[in-house]
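Participant: Dumping the structure here so I can ask a few things about it.
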Amino acid sequence: ENLAALGSMSTPVELLARRESRLLRSSLLFLSILLLGGLLSAQYLWQRMELYSQLPQLRPLYEVACGYLDCELPVYTDIDSIRSENLTVQTHPTFANGLMVNTVVRNTAAFEQPFPILILSFNSAENNVIALREFTAAEYLDPGLRSVRSMPALTPVQIGLAIMDPGPEAVNYTLAFRWP
């Protein structure tokens with residue numbers, strides 16, 4: 001009698017019902033984890049918008065987000081597309097202890113971008129820094145160009161700097177760029 005009663009019980013239905021509730025619970029937990037992970041990633045990317053909006057892979061994502069949220073996207077910049085051509089350092093024609101640095105700076109990107117900070121350094125034969133100076137756009141641009149806020153694309157900009165001579169130990173010079 002007991003064996004017959006056990007055979008007629010509906011235990012498989014109870015096990016199936018428990019599996020469905022575990023499956024539903026697991027699915028909800030997985031979706032919650034995905035949603036919270038996405039929100040955490042979005043918050044991280046939003047807090048570091050100035051850095052990550054410069055990456056070509058993430059720039060369209062920021063443009064769409066700022067379209068919906070009515071925010072201002074930082075100006076797109078690519079420091080690697082700014083080139084210096086014909087860098088020359090000569091004795092200054094009028095100052096006894098001065099040098100004249102001339103170069104042409106060109107924005108090779110397909111878009112306008114802000115003028116960078118120029119870093120001019122003089123090094124010794126052992127590559128030790130003898131003198132280093134950073135020049136802002138207001139310092140190195142001609143007075144007629146100071147009202148221009150961004151470098152036009154593919155247009156050369158002539159730069160002439162008058163500086164003090166760093167001395168006879170300075171045998172090498174370099175020009176680099178950085179963003180303010």
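Chain labels follow the order of the structure tokens: the first chain is A, the next B, and so on; residue numbering restarts at 1 in every chain, and ligands are counted from 1 in their shown order.
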For stretch 162-169 of chain A, find every residue with an atom within 10 Å (counting only C-alpha atoms), except residues of its own chain fewer than 2 positions away, and show them as a ChimeraX atom specification.
Facilitator: /A:89-93,95-102,121-126,128-133,140,160,171-172
Participant: Would you give me, as CSV, each residue of stretch 96-153 of chain A having an atom within 10 Å of an atom of stretch 75-84 of chain A, along with its shortest atom pair and that distance in Å to one decimal, using only C-alpha atoms and sorting by chain and residue number?
Facilitator:
residue,atom,partner,partner_atom,distance
A:Thr103,CA,A:Ser84,CA,6.6
A:Val104,CA,A:Ser84,CA,5.7
A:Val105,CA,A:Ser84,CA,4.6
A:Arg106,CA,A:Arg83,CA,5.2
A:Asn107,CA,A:Ile82,CA,4.6
A:Thr108,CA,A:Ser81,CA,5.1
A:Ala109,CA,A:Ser81,CA,5.4
A:Ala110,CA,A:Ser81,CA,9.2
A:Phe111,CA,A:Tyr76,CA,8.4
A:Glu112,CA,A:Thr77,CA,8.2
A:Gln113,CA,A:Thr77,CA,5.6
A:Pro114,CA,A:Thr77,CA,7.3
A:Phe115,CA,A:Ile82,CA,9.3
A:Pro116,CA,A:Ile79,CA,7.8
A:Met151,CA,A:Ile82,CA,9.4
A:Ala153,CA,A:Ile82,CA,9.7
Participant: I need the residues from that last selection saved to file as an mmCIF file, in the first residue's frame (with N, CA, C and O atoms), if you can.
Facilitator:
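What follows is the written file result_13.cif:
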data_model
loop_
_atom_site.group_PDB
_atom_site.id
_atom_site.type_symbol
_atom_site.label_atom_id
_atom_site.label_comp_id
_atom_site.auth_asym_id
_atom_site.auth_seq_id
_atom_site.Cartn_x
_atom_site.Cartn_y
_atom_site.Cartn_z
ATOM 1 N N THR A 103 60.119 77.663 -35.970
ATOM 2 C CA THR A 103 59.529 76.392 -36.384
ATOM 3 C C THR A 103 58.182 76.646 -37.043
ATOM 4 O O THR A 103 57.601 77.730 -36.906
ATOM 5 N N VAL A 104 57.724 75.651 -37.737
ATOM 6 C CA VAL A 104 56.387 75.668 -38.321
ATOM 7 C C VAL A 104 55.613 74.537 -37.656
ATOM 8 O O VAL A 104 56.065 73.392 -37.634
ATOM 9 N N VAL A 105 54.469 74.865 -37.080
ATOM 10 C CA VAL A 105 53.628 73.872 -36.422
ATOM 11 C C VAL A 105 52.409 73.647 -37.305
ATOM 12 O O VAL A 105 51.788 74.600 -37.777
ATOM 13 N N ARG A 106 52.075 72.370 -37.508
ATOM 14 C CA ARG A 106 50.967 72.024 -38.401
ATOM 15 C C ARG A 106 50.043 71.014 -37.706
ATOM 16 O O ARG A 106 50.499 70.038 -37.128
ATOM 17 N N ASN A 107 48.752 71.277 -37.794
ATOM 18 C CA ASN A 107 47.730 70.355 -37.303
ATOM 19 C C ASN A 107 47.372 69.426 -38.459
ATOM 20 O O ASN A 107 46.698 69.826 -39.394
ATOM 21 N N THR A 108 47.804 68.164 -38.401
ATOM 22 C CA THR A 108 47.547 67.222 -39.484
ATOM 23 C C THR A 108 46.220 66.487 -39.331
ATOM 24 O O THR A 108 45.887 65.647 -40.162
ATOM 25 N N ALA A 109 45.471 66.784 -38.281
ATOM 26 C CA ALA A 109 44.158 66.162 -38.098
ATOM 27 C C ALA A 109 43.152 66.788 -39.061
ATOM 28 O O ALA A 109 43.379 67.865 -39.617
ATOM 29 N N ALA A 110 42.040 66.135 -39.230
ATOM 30 C CA ALA A 110 41.007 66.631 -40.137
ATOM 31 C C ALA A 110 40.061 67.612 -39.456
ATOM 32 O O ALA A 110 39.064 68.018 -40.039
ATOM 33 N N PHE A 111 40.365 68.000 -38.230
ATOM 34 C CA PHE A 111 39.500 68.897 -37.459
ATOM 35 C C PHE A 111 40.345 69.937 -36.758
ATOM 36 O O PHE A 111 41.538 69.749 -36.549
ATOM 37 N N GLU A 112 39.715 71.061 -36.394
ATOM 38 C CA GLU A 112 40.410 72.089 -35.619
ATOM 39 C C GLU A 112 40.571 71.603 -34.185
ATOM 40 O O GLU A 112 39.742 70.855 -33.677
ATOM 41 N N GLN A 113 41.638 72.064 -33.543
ATOM 42 C CA GLN A 113 41.849 71.744 -32.140
ATOM 43 C C GLN A 113 42.610 72.878 -31.472
ATOM 44 O O GLN A 113 43.218 73.696 -32.147
ATOM 45 N N PRO A 114 42.539 72.959 -30.145
ATOM 46 C CA PRO A 114 43.201 74.064 -29.456
ATOM 47 C C PRO A 114 44.713 74.046 -29.660
ATOM 48 O O PRO A 114 45.307 73.001 -29.902
ATOM 49 N N PHE A 115 45.311 75.234 -29.547
ATOM 50 C CA PHE A 115 46.769 75.319 -29.623
ATOM 51 C C PHE A 115 47.368 74.647 -28.389
ATOM 52 O O PHE A 115 46.918 74.880 -27.266
ATOM 53 N N PRO A 116 48.394 73.821 -28.569
ATOM 54 C CA PRO A 116 49.000 73.138 -27.427
ATOM 55 C C PRO A 116 50.025 74.021 -26.721
ATOM 56 O O PRO A 116 50.379 75.097 -27.193
ATOM 57 N N MET A 151 43.686 75.706 -33.640
ATOM 58 C CA MET A 151 44.554 75.499 -34.799
ATOM 59 C C MET A 151 43.711 75.011 -35.958
ATOM 60 O O MET A 151 43.020 74.003 -35.840
ATOM 61 N N ALA A 153 42.845 73.066 -39.358
ATOM 62 C CA ALA A 153 43.328 71.783 -39.876
ATOM 63 C C ALA A 153 44.205 72.014 -41.102
ATOM 64 O O ALA A 153 43.892 72.829 -41.968
#
Participant: Write out as a PyMOL selection string all residues of chain A that backbone DSSP assigns to alpha helix (DSSP H).
Facilitator: chain A and resi 2-8+11-47+49-52+59-69+137-140
Participant: Extract, using only C-alpha atoms, all DNA, RNA and protein residues at most 10 Å from A:Arg59, discarding same-chain residues fewer than 6 positions from it, and format them as number ranges by chain.
Facilitator: A: 49, 52-53, 65, 73, 76
Participant: Run DSSP on the backbone and grab whatever in chain A lands in strand (DSSP E or B); send it over as a VMD selection string.
Facilitator: chain A and resid 82 to 91 98 to 107 113 to 114 117 to 123 129 to 135 150 to 151 156 to 164 172 to 178
Participant: Can those selected residues be exported to a file as a compact mmCIF listing (two decimals), in the first residue's frame so that it contains N, CA and C atoms?
Facilitator:
# COMPACT_ATOMS: atom_id res chain seq x y z
N ILE A 82 49.68 66.81 -34.18
CA ILE A 82 50.34 68.11 -34.30
C ILE A 82 51.83 67.86 -34.56
N ARG A 83 52.31 68.43 -35.64
CA ARG A 83 53.69 68.20 -36.07
C ARG A 83 54.48 69.51 -36.09
N SER A 84 55.75 69.37 -35.78
CA SER A 84 56.67 70.49 -35.87
C SER A 84 57.59 70.24 -37.07
N GLU A 85 57.74 71.26 -37.90
CA GLU A 85 58.57 71.14 -39.09
C GLU A 85 59.60 72.26 -39.10
N ASN A 86 60.76 71.98 -39.65
CA ASN A 86 61.81 72.99 -39.85
C ASN A 86 62.21 73.70 -38.56
N LEU A 87 62.44 72.96 -37.51
CA LEU A 87 62.87 73.55 -36.24
C LEU A 87 64.33 73.99 -36.37
N THR A 88 64.56 75.28 -36.15
CA THR A 88 65.93 75.81 -36.20
C THR A 88 66.18 76.66 -34.97
N VAL A 89 67.39 76.59 -34.46
CA VAL A 89 67.83 77.42 -33.34
C VAL A 89 69.09 78.15 -33.80
N GLN A 90 69.03 79.49 -33.76
CA GLN A 90 70.15 80.32 -34.23
C GLN A 90 70.45 81.39 -33.20
N THR A 91 71.60 81.99 -33.33
CA THR A 91 71.96 83.12 -32.49
C THR A 91 71.01 84.27 -32.81
N GLY A 98 71.28 85.74 -26.55
CA GLY A 98 69.98 85.19 -26.88
C GLY A 98 70.01 84.25 -28.07
N LEU A 99 68.97 83.45 -28.17
CA LEU A 99 68.78 82.55 -29.29
C LEU A 99 67.43 82.83 -29.93
N MET A 100 67.34 82.53 -31.20
CA MET A 100 66.08 82.67 -31.93
C MET A 100 65.66 81.28 -32.38
N VAL A 101 64.48 80.82 -31.91
CA VAL A 101 63.95 79.50 -32.26
C VAL A 101 62.82 79.73 -33.26
N ASN A 102 62.92 79.10 -34.41
CA ASN A 102 61.90 79.20 -35.45
C ASN A 102 61.42 77.80 -35.80
N THR A 103 60.12 77.66 -35.97
CA THR A 103 59.53 76.39 -36.38
C THR A 103 58.18 76.65 -37.04
N VAL A 104 57.72 75.65 -37.74
CA VAL A 104 56.39 75.67 -38.32
C VAL A 104 55.61 74.54 -37.66
N VAL A 105 54.47 74.87 -37.08
CA VAL A 105 53.63 73.87 -36.42
C VAL A 105 52.41 73.65 -37.31
N ARG A 106 52.07 72.37 -37.51
CA ARG A 106 50.97 72.02 -38.40
C ARG A 106 50.04 71.01 -37.71
N ASN A 107 48.75 71.28 -37.79
CA ASN A 107 47.73 70.35 -37.30
C ASN A 107 47.37 69.43 -38.46
N GLN A 113 41.64 72.06 -33.54
CA GLN A 113 41.85 71.74 -32.14
C GLN A 113 42.61 72.88 -31.47
N PRO A 114 42.54 72.96 -30.15
CA PRO A 114 43.20 74.06 -29.46
C PRO A 114 44.71 74.05 -29.66
N ILE A 117 50.52 73.53 -25.62
CA ILE A 117 51.66 74.14 -24.93
C ILE A 117 52.93 73.57 -25.56
N LEU A 118 53.86 74.44 -25.93
CA LEU A 118 55.14 74.00 -26.50
C LEU A 118 56.13 73.80 -25.36
N ILE A 119 56.86 72.70 -25.41
CA ILE A 119 57.90 72.42 -24.42
C ILE A 119 59.23 72.38 -25.16
N LEU A 120 60.06 73.37 -24.90
CA LEU A 120 61.38 73.46 -25.54
C LEU A 120 62.42 73.12 -24.49
N SER A 121 63.25 72.12 -24.79
CA SER A 121 64.28 71.72 -23.84
C SER A 121 65.64 71.66 -24.54
N PHE A 122 66.67 72.00 -23.76
CA PHE A 122 68.05 71.92 -24.22
C PHE A 122 68.75 70.90 -23.34
N ASN A 123 69.47 69.97 -23.99
CA ASN A 123 70.10 68.87 -23.27
C ASN A 123 71.61 68.89 -23.50
N VAL A 129 69.01 67.33 -18.90
CA VAL A 129 68.30 68.56 -19.22
C VAL A 129 69.07 69.75 -18.64
N ILE A 130 69.45 70.67 -19.50
CA ILE A 130 70.14 71.90 -19.09
C ILE A 130 69.11 73.00 -18.85
N ALA A 131 68.17 73.14 -19.76
CA ALA A 131 67.13 74.17 -19.65
C ALA A 131 65.85 73.64 -20.27
N LEU A 132 64.73 73.99 -19.65
CA LEU A 132 63.44 73.57 -20.16
C LEU A 132 62.44 74.70 -19.93
N ARG A 133 61.63 74.96 -20.91
CA ARG A 133 60.64 76.03 -20.78
C ARG A 133 59.39 75.63 -21.52
N GLU A 134 58.24 75.93 -20.93
CA GLU A 134 56.95 75.70 -21.57
C GLU A 134 56.38 77.04 -22.01
N PHE A 135 55.84 77.05 -23.22
CA PHE A 135 55.26 78.27 -23.78
C PHE A 135 53.78 78.04 -24.05
N SER A 150 41.65 78.18 -31.97
CA SER A 150 42.01 76.81 -32.30
C SER A 150 42.88 76.77 -33.56
N MET A 151 43.69 75.71 -33.64
CA MET A 151 44.55 75.50 -34.80
C MET A 151 43.71 75.01 -35.96
N PRO A 156 49.72 75.54 -41.84
CA PRO A 156 50.95 75.78 -41.09
C PRO A 156 50.87 77.08 -40.29
N VAL A 157 51.46 77.06 -39.11
CA VAL A 157 51.53 78.24 -38.24
C VAL A 157 53.00 78.49 -37.95
N GLN A 158 53.51 79.65 -38.37
CA GLN A 158 54.92 80.02 -38.15
C GLN A 158 55.09 80.52 -36.72
N ILE A 159 56.12 80.00 -36.03
CA ILE A 159 56.39 80.39 -34.65
C ILE A 159 57.83 80.84 -34.54
N GLY A 160 58.04 81.97 -33.89
CA GLY A 160 59.37 82.49 -33.62
C GLY A 160 59.48 82.85 -32.15
N LEU A 161 60.47 82.28 -31.45
CA LEU A 161 60.67 82.53 -30.02
C LEU A 161 62.06 83.10 -29.78
N ALA A 162 62.13 84.15 -29.00
CA ALA A 162 63.41 84.71 -28.57
C ALA A 162 63.64 84.25 -27.13
N ILE A 163 64.76 83.53 -26.89
CA ILE A 163 65.05 83.00 -25.56
C ILE A 163 66.50 83.29 -25.19
N MET A 164 66.79 83.09 -23.91
CA MET A 164 68.17 83.23 -23.42
C MET A 164 68.98 81.99 -23.82
N ASN A 172 72.03 69.85 -27.61
CA ASN A 172 70.88 69.26 -28.29
C ASN A 172 69.62 69.98 -27.84
N TYR A 173 68.63 70.05 -28.70
CA TYR A 173 67.37 70.67 -28.33
C TYR A 173 66.21 69.85 -28.88
N THR A 174 65.09 69.88 -28.17
CA THR A 174 63.90 69.16 -28.59
C THR A 174 62.69 70.04 -28.37
N LEU A 175 61.66 69.78 -29.16
CA LEU A 175 60.39 70.48 -29.04
C LEU A 175 59.30 69.43 -28.90
N ALA A 176 58.49 69.57 -27.87
CA ALA A 176 57.39 68.64 -27.64
C ALA A 176 56.12 69.44 -27.37
N PHE A 177 54.99 68.74 -27.37
CA PHE A 177 53.70 69.39 -27.15
C PHE A 177 52.97 68.69 -26.00
N ARG A 178 52.13 69.46 -25.31
CA ARG A 178 51.23 68.89 -24.32
C ARG A 178 50.00 69.78 -24.22
